[in-house]
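Colleague: One structure is given below, represented as structure tokens, and several questions about it will come after.
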Amino acid sequence: MSQSLDDEPGAVELPDDLSAVPAASFVAKKKHSLALRWMHWLNFPLLMIMMYSGMRIYLSDGANPYVIGIGGWEIFEFWPDKVDTGLQLRGKLAKGIAFHLVFGWFFVINGVIYALWLSYKGQWRHIVPDLQGLKDARKTVAHDLHLSKTKPVQGKYNPMQQLTYSAVLVIAFLLVASGFAIYKPGQLALLEAAFGGYDYARLVHFSMTVLLLGFFFIHILQVVRAGWRNFASMVTGYRYDAADSQEVAPISAFDSERHDEEVDS
Amino acid sequence: MISDATNEEEAARERRLREQTDNGEIISAEEYKRRSRRSFLAFAGLGIGGFVGFNRIQNNESRDDDTIPAVLRAGLEWNEGVWERVQRDGAKARTFSVSDREEIRVNGRHGLRATRNATAEADLIQVSPEEAETWEISMTGTDGVALDPIPLASIKSDFEVHDMVWEHKCVEGWANIVHWTGVRVSDVLEAYAPEQLDAEWGVMRTPAETDGGRQEREYSAAIDRYTLRHSQSLFAWRLNDEDLTNGHGAPIRLVTPLKYGIKQIKRVGVIDFTNDRPTDYWTQRGYDLHAGL
């Protein structure tokens with residue numbers, strides 16, 4: 001994504017001195033390519049279908065639910081009865097399996113293309129934090145929780161976003177790998193063995209789903225917090241904002257030389 | 001303020017990060033409005049299209065003799081092709097030692113019941129020792145002509161007996177390591193119907209009803225040639241060192257770690273060989289015809 005500012009119609013050249021730009025002036029900065037937006041949004045319906053059909057499969061064995069507990073003390077059972085009955089999940093195993101094993105391929109294909117695209121385009125740098133980023137991630141959390149006023153420096157994504165998005169990639173990989181181990185434990189016996197056997201593969205598959213669901217809710221919360229313009233950027237590809245905001249600032253605005261001048265003034 | 005940096009080092013890092021990952025094209029507000037309108041329209045259109053498409057799949061008619069949408073059935077058949085292609089001849093499922101074996105529940109009772117929806121062991125059709133002694137598996141060949149039946153007594157005495165321990169897996173998700181005692185299906189067929197080993201399918205069925213009160217013998221499982229010939233496909237009569245109970249399929253059942261439990265038919269009474277793609281009890285109810293693992 002290293003287009004120069006004026007290779008597209010409509011590109012504008014910003015004045016070097018941003019304090020001269022009137023506050024009311026708005027511009028938009030390209031954030032997400034069309035490919036990225038497609039791959040991002042496809043996950044939403046696909047994972048809805050996968051989780052819904054997956055829960056149908058999971059609930060067909062009513063005798064052995066996964067339970068979180070200490071000793072014999074049960075804290076939480078997957079899933080509470082209200083979820084089962086509310087979503088009408090019981091007694092639909094055949095359709096659940098059919099949806100799961102047909103639509104799973106689309107999730108896999110989307111993921112494989114995304115992984116190739118990340119490496120080919122070098123965009124893995126966008127989401128994989130470096131060492132400093134790992135150290136800085138907690139500062140983002142402190143800032144988001146209003147415990148700290150300063151936030152760490154960042155590129156397109158802040159360090160905590162990077163850490164989370166990278167973790168989601170790992171989760172999705174484990175989800176698919178354990179899924180195949182459960183799907184074909186005979187033909188893919190080595191994969192099943194890699195997870196420590198069939199029951200562990202199932203547990204990993206289920207746990208990764210719960211983690212992904214947890215990510216989904218936090219993701220929604222953060223999108224709501226970040227506001228409409230951020231959401232819109234995932235649809236349009238462009239972040240629309242006041243010309244003097246960090247989100248749409250050109251690289252020149254992050255000139256370290258000038259930064260010192262700003263601090264001085 | 002544009003920068004988050006608090007010192008020169010951070011500022012340099014920030015500049016580098018922005019250059020690497022946030023160096024997108026900048027357009028005017030007017031241009032943005034034009035482009036974003038297009039994007040939102042496309043987004044809404046695709047969203048509605050996806051929703052309609054999903055509903056069409058949900059409500060897509062099933063083929064005759066099926067209960068899942070025809071597109072999903074086509075998807076399952078496509079999967080079948082994928083896994084057949086990566087099939088390694090002679091590959092065996094993992095086996096365990098006898099000491100690993102576990103208890104296994106009685107789950108499917110279809111084809112075994114004296115009355116519909118019966119669940120208690122006593123409500124299943126009881127196969128008496130006398131009936132077991134004269135039990136036969138009747139067969140029809142690919143040409144539809146009846147073949148000589150296989151006497152159970154012969155299955156138990158004329159072939160090499162194998163003890164095999166593997167993990168039995170149910171479509172519902174549970175699995176148990178179990179110990180079976182039986183003989184290879186391929187050994188038996190080699191002796192009784194060698195030419196039928198070339199048939200693409202053998203559809204095994206619970207026996208026809210034997211008297212007026214026994215109407216529920218209706219279970220069937222279509223088994224592909226690869227599985228029929230496989231060294232881990234057994235006609236078994238003992239489970240965990242005990243004779244099969246009625247609920248587990250006395251007097252004789254099919255077991256194989258290559259398929260889910262729905263294919264491991266209990267109480268085999270009939271085998272119909274065919275080269276045409278068959279259906280069976282659970283396939284008619286929306287499950288995969290191969291149900292392979």
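Chain labels run A, B, ... following the order of the structure tokens; each chain numbers its residues from 1, and ligands are numbered from 1 in the order shown.
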What's around A:Ser207 at 12 Å? Count only C-alpha atoms, leave out sequence neighbours fewer than 2 positions away in its own chain, and write the answer as a PDB file with C-alpha atoms, in the first residue's frame.

Modeller:
ATOM      1  CA  TYR A  66     -18.469 -29.510  28.216  1.00  0.00           C
ATOM      2  CA  VAL A  67     -18.502 -27.973  31.656  1.00  0.00           C
ATOM      3  CA  ILE A  68     -16.284 -25.414  33.310  1.00  0.00           C
ATOM      4  CA  PHE A  78     -22.076 -25.251  27.471  1.00  0.00           C
ATOM      5  CA  ILE A 171      -7.061 -19.635  16.825  1.00  0.00           C
ATOM      6  CA  ALA A 172      -8.550 -19.976  13.350  1.00  0.00           C
ATOM      7  CA  LEU A 174      -6.144 -24.489  15.327  1.00  0.00           C
ATOM      8  CA  LEU A 175      -9.886 -24.450  14.761  1.00  0.00           C
ATOM      9  CA  SER A 178      -8.676 -29.714  14.903  1.00  0.00           C
ATOM     10  CA  GLY A 179     -11.784 -29.685  12.719  1.00  0.00           C
ATOM     11  CA  TYR A 200      -8.638 -33.754  22.782  1.00  0.00           C
ATOM     12  CA  ALA A 201      -9.120 -32.657  19.183  1.00  0.00           C
ATOM     13  CA  ARG A 202     -12.810 -32.122  19.960  1.00  0.00           C
ATOM     14  CA  LEU A 203     -11.941 -30.169  23.096  1.00  0.00           C
ATOM     15  CA  VAL A 204      -9.509 -27.967  21.152  1.00  0.00           C
ATOM     16  CA  HIS A 205     -12.104 -27.438  18.413  1.00  0.00           C
ATOM     17  CA  THR A 209     -14.703 -21.716  18.989  1.00  0.00           C
ATOM     18  CA  VAL A 210     -15.439 -20.279  22.425  1.00  0.00           C
ATOM     19  CA  LEU A 211     -12.308 -18.092  22.187  1.00  0.00           C
ATOM     20  CA  LEU A 212     -13.326 -16.927  18.727  1.00  0.00           C
ATOM     21  CA  LEU A 213     -16.801 -16.135  19.991  1.00  0.00           C
ATOM     22  CA  GLY A 214     -15.178 -14.184  22.842  1.00  0.00           C
TER      23      GLY A 214
END

Colleague: Using only C-alpha atoms, find which residues of chain B lie within 7 Å of chain A and jot them down as a ChimeraX atom specification.

Modeller: /B:2-5,8,10-12,14-15,17-19,21-29,31-32,36,39-40,43,68,72,75-76,87,93,172-174,258,286-287,293

Colleague: Emit the selected residues as a compact mmCIF listing (two decimals), in the first residue's frame, including N, CA and C atoms.

Modeller:
# COMPACT_ATOMS: atom_id res chain seq x y z
N ILE B 2 -1.23 15.04 16.15
CA ILE B 2 -1.11 13.91 15.24
C ILE B 2 -0.34 12.76 15.88
N SER B 3 0.72 13.09 16.55
CA SER B 3 1.64 12.03 17.00
C SER B 3 1.33 11.56 18.41
N ASP B 4 1.57 10.26 18.64
CA ASP B 4 1.45 9.70 19.98
C ASP B 4 2.80 9.68 20.68
N ALA B 5 3.85 10.03 19.95
CA ALA B 5 5.20 9.86 20.48
C ALA B 5 5.49 10.85 21.59
N GLU B 8 11.96 11.22 21.03
CA GLU B 8 12.46 11.13 19.66
C GLU B 8 12.49 9.69 19.16
N GLU B 10 10.51 7.19 20.05
CA GLU B 10 9.15 6.78 19.71
C GLU B 10 8.70 7.43 18.41
N ALA B 11 9.10 8.65 18.22
CA ALA B 11 8.69 9.36 17.00
C ALA B 11 9.27 8.67 15.76
N ALA B 12 10.49 8.23 15.87
CA ALA B 12 11.11 7.55 14.74
C ALA B 12 10.41 6.23 14.48
N GLU B 14 7.31 5.50 15.30
CA GLU B 14 5.98 5.80 14.80
C GLU B 14 6.02 6.09 13.30
N ARG B 15 6.99 6.89 12.92
CA ARG B 15 7.14 7.25 11.51
C ARG B 15 7.35 5.98 10.66
N LEU B 17 6.51 2.84 11.48
CA LEU B 17 5.30 2.01 11.48
C LEU B 17 4.24 2.56 10.51
N ARG B 18 4.07 3.86 10.54
CA ARG B 18 3.06 4.47 9.67
C ARG B 18 3.47 4.29 8.20
N GLU B 19 4.75 4.43 7.94
CA GLU B 19 5.24 4.27 6.58
C GLU B 19 4.99 2.86 6.08
N THR B 21 2.79 0.55 7.31
CA THR B 21 1.45 -0.06 7.39
C THR B 21 0.29 0.91 7.19
N ASP B 22 0.56 2.21 7.18
CA ASP B 22 -0.57 3.15 7.12
C ASP B 22 -0.28 4.26 6.13
N ASN B 23 0.18 3.85 4.96
CA ASN B 23 0.63 4.82 3.97
C ASN B 23 -0.34 4.87 2.79
N GLY B 24 -1.64 4.87 3.10
CA GLY B 24 -2.64 4.81 2.04
C GLY B 24 -2.84 6.13 1.32
N GLU B 25 -3.49 6.00 0.18
CA GLU B 25 -3.83 7.16 -0.64
C GLU B 25 -4.80 8.07 0.13
N ILE B 26 -4.64 9.37 -0.07
CA ILE B 26 -5.55 10.31 0.58
C ILE B 26 -6.39 11.01 -0.48
N ILE B 27 -7.71 10.99 -0.30
CA ILE B 27 -8.61 11.59 -1.29
C ILE B 27 -9.45 12.68 -0.64
N SER B 28 -10.05 13.48 -1.46
CA SER B 28 -10.86 14.59 -0.96
C SER B 28 -12.20 14.08 -0.43
N ALA B 29 -12.86 14.92 0.34
CA ALA B 29 -14.16 14.56 0.92
C ALA B 29 -15.16 14.24 -0.18
N GLU B 31 -14.61 13.17 -3.28
CA GLU B 31 -14.28 11.88 -3.90
C GLU B 31 -14.68 10.73 -2.97
N TYR B 32 -14.46 10.93 -1.66
CA TYR B 32 -14.83 9.90 -0.69
C TYR B 32 -16.33 9.63 -0.75
N SER B 36 -17.69 6.07 -1.44
CA SER B 36 -18.28 5.37 -0.31
C SER B 36 -19.74 5.00 -0.61
N SER B 39 -19.61 1.85 -2.37
CA SER B 39 -19.24 0.75 -1.48
C SER B 39 -20.41 0.33 -0.60
N PHE B 40 -21.12 1.31 -0.05
CA PHE B 40 -22.23 0.96 0.83
C PHE B 40 -23.35 0.25 0.07
N PHE B 43 -22.18 -3.19 -0.49
CA PHE B 43 -22.18 -3.90 0.80
C PHE B 43 -23.60 -4.36 1.16
N ILE B 68 -32.28 -33.67 3.55
CA ILE B 68 -31.52 -32.42 3.57
C ILE B 68 -31.59 -31.76 2.20
N LEU B 72 -26.95 -29.21 -0.33
CA LEU B 72 -26.07 -29.73 0.72
C LEU B 72 -25.70 -31.18 0.43
N GLY B 75 -23.04 -31.12 -1.92
CA GLY B 75 -21.80 -30.77 -1.23
C GLY B 75 -21.18 -31.98 -0.55
N LEU B 76 -22.02 -32.81 0.09
CA LEU B 76 -21.51 -34.00 0.75
C LEU B 76 -20.90 -34.96 -0.28
N GLN B 87 -7.49 -41.17 -0.48
CA GLN B 87 -7.51 -42.48 0.16
C GLN B 87 -6.20 -43.21 -0.11
N ALA B 93 -6.75 -47.89 10.46
CA ALA B 93 -7.09 -47.01 11.56
C ALA B 93 -6.23 -47.37 12.77
N GLU B 172 -22.70 -38.35 16.66
CA GLU B 172 -23.08 -37.39 17.69
C GLU B 172 -21.88 -36.75 18.38
N GLY B 173 -20.70 -37.32 18.15
CA GLY B 173 -19.51 -36.69 18.71
C GLY B 173 -18.78 -37.52 19.76
N TRP B 174 -19.48 -38.46 20.38
CA TRP B 174 -18.79 -39.23 21.42
C TRP B 174 -17.99 -40.37 20.80
N LEU B 258 -13.38 -47.53 10.05
CA LEU B 258 -13.32 -46.62 8.90
C LEU B 258 -14.59 -45.80 8.76
N GLY B 286 -30.81 -37.87 5.88
CA GLY B 286 -29.99 -36.68 5.75
C GLY B 286 -28.51 -36.84 6.04
N TYR B 287 -28.05 -38.05 6.36
CA TYR B 287 -26.64 -38.23 6.67
C TYR B 287 -25.86 -38.65 5.42
N LEU B 293 -14.42 -42.10 8.01
CA LEU B 293 -13.61 -41.36 8.97
C LEU B 293 -12.17 -41.17 8.48

Colleague: Stretch 262-270 of chain B: which residues within 6 Å, counting only C-alpha atoms, same-chain residues fewer than 2 positions away excluded, as a ChimeraX atom specification?

Modeller: /B:137-139,204-207,221,249-250,252-255,260

Colleague: Just N, CA and C atoms for this one: save the residues we selected as a short mmCIF file (atom, residue, chain, number, x, y, z; two decimals), in the first residue's frame.

Modeller:
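Contents of the output file out-v9.cif:
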data_model
loop_
_atom_site.label_atom_id
_atom_site.label_comp_id
_atom_site.auth_asym_id
_atom_site.auth_seq_id
_atom_site.Cartn_x
_atom_site.Cartn_y
_atom_site.Cartn_z
N ILE B 137 -27.18 -65.18 7.09
CA ILE B 137 -27.19 -63.91 6.38
C ILE B 137 -27.52 -64.22 4.93
N SER B 138 -28.68 -63.77 4.50
CA SER B 138 -29.07 -64.05 3.12
C SER B 138 -28.47 -62.98 2.21
N MET B 139 -28.23 -63.33 0.95
CA MET B 139 -27.56 -62.40 0.04
C MET B 139 -28.22 -62.40 -1.33
N MET B 204 -26.16 -53.76 3.76
CA MET B 204 -26.50 -54.72 4.82
C MET B 204 -27.78 -54.27 5.50
N ARG B 205 -28.60 -55.26 5.84
CA ARG B 205 -29.90 -54.95 6.46
C ARG B 205 -30.15 -55.84 7.65
N THR B 206 -30.96 -55.31 8.57
CA THR B 206 -31.47 -56.17 9.62
C THR B 206 -32.43 -57.15 8.95
N PRO B 207 -32.66 -58.31 9.55
CA PRO B 207 -33.45 -59.32 8.84
C PRO B 207 -34.89 -58.91 8.66
N ALA B 221 -27.53 -50.36 6.11
CA ALA B 221 -26.29 -49.58 6.00
C ALA B 221 -25.58 -49.98 4.72
N GLY B 249 -26.45 -55.61 19.11
CA GLY B 249 -26.56 -56.22 17.79
C GLY B 249 -26.43 -57.72 17.70
N ALA B 250 -26.74 -58.45 18.79
CA ALA B 250 -26.69 -59.91 18.74
C ALA B 250 -27.58 -60.41 17.60
N ILE B 252 -24.94 -61.08 15.37
CA ILE B 252 -23.76 -60.75 14.56
C ILE B 252 -23.93 -59.34 14.01
N ARG B 253 -22.85 -58.56 14.02
CA ARG B 253 -22.93 -57.19 13.51
C ARG B 253 -21.68 -56.85 12.73
N LEU B 254 -21.77 -55.74 12.02
CA LEU B 254 -20.60 -55.23 11.29
C LEU B 254 -19.88 -54.22 12.18
N VAL B 255 -18.56 -54.29 12.23
CA VAL B 255 -17.79 -53.24 12.89
C VAL B 255 -16.60 -52.86 12.01
N TYR B 260 -18.36 -44.15 10.76
CA TYR B 260 -19.10 -43.84 11.98
C TYR B 260 -19.99 -45.02 12.36
#

Colleague: Tell me which protein, DNA and RNA residues are within 12 Å of stretch 186-195 of chain B, counting only C-alpha atoms, leaving out same-chain ones fewer than 2 positions away, and put them as a PDB file with C-alpha atoms, in the first residue's frame.

Modeller:
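Result went into selection14.pdb, see below:
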ATOM      1  CA  ILE B 137     -27.193 -63.906   6.384  1.00  0.00           C
ATOM      2  CA  SER B 138     -29.067 -64.050   3.115  1.00  0.00           C
ATOM      3  CA  MET B 139     -27.565 -62.395   0.035  1.00  0.00           C
ATOM      4  CA  THR B 140     -28.535 -61.186  -3.396  1.00  0.00           C
ATOM      5  CA  GLY B 141     -25.942 -60.544  -6.066  1.00  0.00           C
ATOM      6  CA  THR B 142     -25.555 -57.506  -8.301  1.00  0.00           C
ATOM      7  CA  ASP B 143     -27.848 -59.264 -10.821  1.00  0.00           C
ATOM      8  CA  ALA B 146     -30.391 -64.786  -4.491  1.00  0.00           C
ATOM      9  CA  LEU B 147     -27.125 -66.401  -3.415  1.00  0.00           C
ATOM     10  CA  ASP B 148     -26.548 -69.151  -0.909  1.00  0.00           C
ATOM     11  CA  PRO B 149     -26.875 -67.671   2.583  1.00  0.00           C
ATOM     12  CA  ILE B 150     -23.996 -67.525   5.052  1.00  0.00           C
ATOM     13  CA  PRO B 151     -24.711 -69.554   8.191  1.00  0.00           C
ATOM     14  CA  LEU B 152     -23.644 -67.773  11.378  1.00  0.00           C
ATOM     15  CA  ALA B 153     -22.218 -71.051  12.636  1.00  0.00           C
ATOM     16  CA  SER B 154     -19.856 -71.063   9.674  1.00  0.00           C
ATOM     17  CA  ILE B 155     -18.815 -67.449  10.272  1.00  0.00           C
ATOM     18  CA  LYS B 156     -17.863 -68.328  13.819  1.00  0.00           C
ATOM     19  CA  SER B 157     -16.014 -71.552  13.070  1.00  0.00           C
ATOM     20  CA  ASP B 158     -14.584 -71.493   9.552  1.00  0.00           C
ATOM     21  CA  PHE B 159     -12.464 -68.351   9.577  1.00  0.00           C
ATOM     22  CA  GLU B 160      -9.535 -66.879  11.424  1.00  0.00           C
ATOM     23  CA  VAL B 161     -10.866 -65.056  14.484  1.00  0.00           C
ATOM     24  CA  HIS B 162      -9.455 -61.592  15.175  1.00  0.00           C
ATOM     25  CA  GLY B 182     -14.936 -61.440  14.960  1.00  0.00           C
ATOM     26  CA  VAL B 183     -13.837 -62.479  11.509  1.00  0.00           C
ATOM     27  CA  ARG B 184     -12.941 -60.414   8.461  1.00  0.00           C
ATOM     28  CA  LEU B 197     -16.342 -58.615  -3.863  1.00  0.00           C
ATOM     29  CA  ASP B 198     -16.186 -56.679  -7.124  1.00  0.00           C
ATOM     30  CA  ALA B 199     -19.564 -55.076  -6.462  1.00  0.00           C
ATOM     31  CA  GLU B 200     -19.315 -51.378  -5.666  1.00  0.00           C
ATOM     32  CA  GLY B 202     -23.001 -54.094  -0.247  1.00  0.00           C
ATOM     33  CA  ARG B 225     -16.307 -51.954  -1.725  1.00  0.00           C
ATOM     34  CA  TYR B 226     -13.147 -50.469  -0.208  1.00  0.00           C
ATOM     35  CA  THR B 227     -14.546 -50.934   3.288  1.00  0.00           C
ATOM     36  CA  LEU B 228     -15.987 -54.403   2.608  1.00  0.00           C
ATOM     37  CA  ARG B 229     -12.535 -55.559   1.562  1.00  0.00           C
ATOM     38  CA  HIS B 230     -10.631 -53.776   4.309  1.00  0.00           C
ATOM     39  CA  SER B 231      -8.749 -55.847   6.876  1.00  0.00           C
ATOM     40  CA  GLN B 232     -10.340 -53.875   9.714  1.00  0.00           C
ATOM     41  CA  SER B 233     -13.929 -54.648   8.719  1.00  0.00           C
ATOM     42  CA  LEU B 234     -15.249 -57.487  10.852  1.00  0.00           C
ATOM     43  CA  PHE B 235     -18.365 -59.496  11.398  1.00  0.00           C
ATOM     44  CA  ALA B 236     -18.230 -59.422  15.194  1.00  0.00           C
ATOM     45  CA  LEU B 254     -20.603 -55.230  11.292  1.00  0.00           C
ATOM     46  CA  ILE B 271     -26.577 -58.265   2.235  1.00  0.00           C
ATOM     47  CA  ASP B 272     -27.674 -56.925  -1.144  1.00  0.00           C
ATOM     48  CA  PHE B 273     -24.821 -56.268  -3.554  1.00  0.00           C
ATOM     49  CA  THR B 274     -25.193 -53.560  -6.160  1.00  0.00           C
TER      50      THR B 274
END

Colleague: I'd like to know which residues of stretch 40-178 of chain B are strand (DSSP E or B) (by DSSP, run on the backbone); could you write them as number ranges by chain?

Modeller: B: 113, 124, 136-140, 146-151, 161-169, 175-178

Colleague: Run DSSP on the backbone and grab whatever in stretch 21-106 of chain A lands in alpha helix (DSSP H); send it over as JSON, numbers by chain.

Modeller: {"A": [34, 35, 36, 37, 38, 39, 40, 41, 42, 43, 44, 45, 46, 47, 48, 49, 50, 51, 52, 53, 54, 55, 56, 57, 58, 59, 60, 81, 82, 83, 84, 85, 86, 93, 94, 95, 96, 97, 98, 99, 100, 101, 102, 103, 104, 105, 106]}

Colleague: Near B:Glu103, counting only C-alpha atoms, which residues have an atom at most 10 Å away, once you skip same-chain residues fewer than 2 positions from it, shown as a list in words?

Modeller: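 Here the answer would be Arg101, Arg105, Val106, Asn176, Ile177, Val178, His179, Leu239 and Asn240 of chain B.
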
Colleague: Convert the current residue selection to file output with N, CA and C atoms, as a short mmCIF file (atom, residue, chain, number, x, y, z; two decimals), in the first residue's frame.

Modeller:
data_model
loop_
_atom_site.label_atom_id
_atom_site.label_comp_id
_atom_site.auth_asym_id
_atom_site.auth_seq_id
_atom_site.Cartn_x
_atom_site.Cartn_y
_atom_site.Cartn_z
N ARG B 101 -9.59 -50.54 26.68
CA ARG B 101 -10.99 -50.59 26.29
C ARG B 101 -11.92 -49.98 27.34
N ARG B 105 -22.02 -47.23 25.38
CA ARG B 105 -23.47 -47.21 25.58
C ARG B 105 -24.20 -47.86 24.40
N VAL B 106 -25.42 -48.28 24.64
CA VAL B 106 -26.29 -48.70 23.54
C VAL B 106 -26.94 -47.43 23.03
N ASN B 176 -15.64 -44.12 22.01
CA ASN B 176 -15.14 -45.04 23.05
C ASN B 176 -14.21 -46.05 22.42
N ILE B 177 -13.17 -46.40 23.17
CA ILE B 177 -12.27 -47.45 22.72
C ILE B 177 -12.90 -48.79 23.07
N VAL B 178 -13.13 -49.62 22.05
CA VAL B 178 -13.80 -50.89 22.31
C VAL B 178 -13.04 -52.05 21.67
N HIS B 179 -13.30 -53.21 22.20
CA HIS B 179 -12.59 -54.43 21.83
C HIS B 179 -13.60 -55.37 21.16
N LEU B 239 -18.17 -58.24 22.19
CA LEU B 239 -17.77 -56.85 22.48
C LEU B 239 -17.17 -56.84 23.88
N ASN B 240 -15.95 -56.36 23.98
CA ASN B 240 -15.25 -56.33 25.27
C ASN B 240 -15.31 -57.68 25.98
#
